[in-house]
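Reading through the structure tokens given below for one structure.
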Amino acid sequence: MWDSNHLQKAHSGYFRHLFIAMWFNLLALTLLITGIIHALIPGLFPFTPYQLAKKIVRDTEAYFIRHDE
């Protein structure tokens with residue numbers, strides 16, 4: 001639940017982590033809203049929730065995970 005070394009493990013500073021994490025939160029909120037709308041009206045936002053989820057995962061890996069370790 002609590003990891004005092006999270007920023008080191010994420011290879012990030014506090015403010016970089018803050019701004020990127022808030023951007024992902026905004027994307028997740030958009031995913032939630034479009035997902036609910038899509039569930040009710042399948043013709044609207046047909047692949048938007050899926051694409052947003054993929055973007056969050058892809059960008060998280062790009063910003064915070066070092067593949068050279």
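Following the order of the structure tokens, chains are lettered A, B, ..., residues in each are numbered from 1, and ligands are numbered from 1.
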- Message: Can you pull out the residues contacting region 10-25 of chain A? Cut-off 10 Å, using only C-alpha atoms, and skip same-chain residues under 3 positions away; I want them as a ChimeraX atom specification.
- Response: /A:5-7,28-31,52-53,55-57,59-61,63-66
- Message: Could you list, as a list in words, every residue within 12 Å of Ile33 (chain A), counting only C-alpha atoms and ignoring same-chain residues fewer than 5 positions away?
- Response: Leu26, Leu27, Ala28, His38, Ala39, Leu40, Leu44, Phe45, Thr48, Pro49 and Leu52 of chain A
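Take CA of Trp2 (chain A) and CA of Lys54 (chain A): the distance between them is 26.0 Å.
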- Task: Just the helix (DSSP H, G or I) stuff from chain A, please, per backbone DSSP, written as a ChimeraX atom specification.
- Result: /A:6-9,14-40,48-64
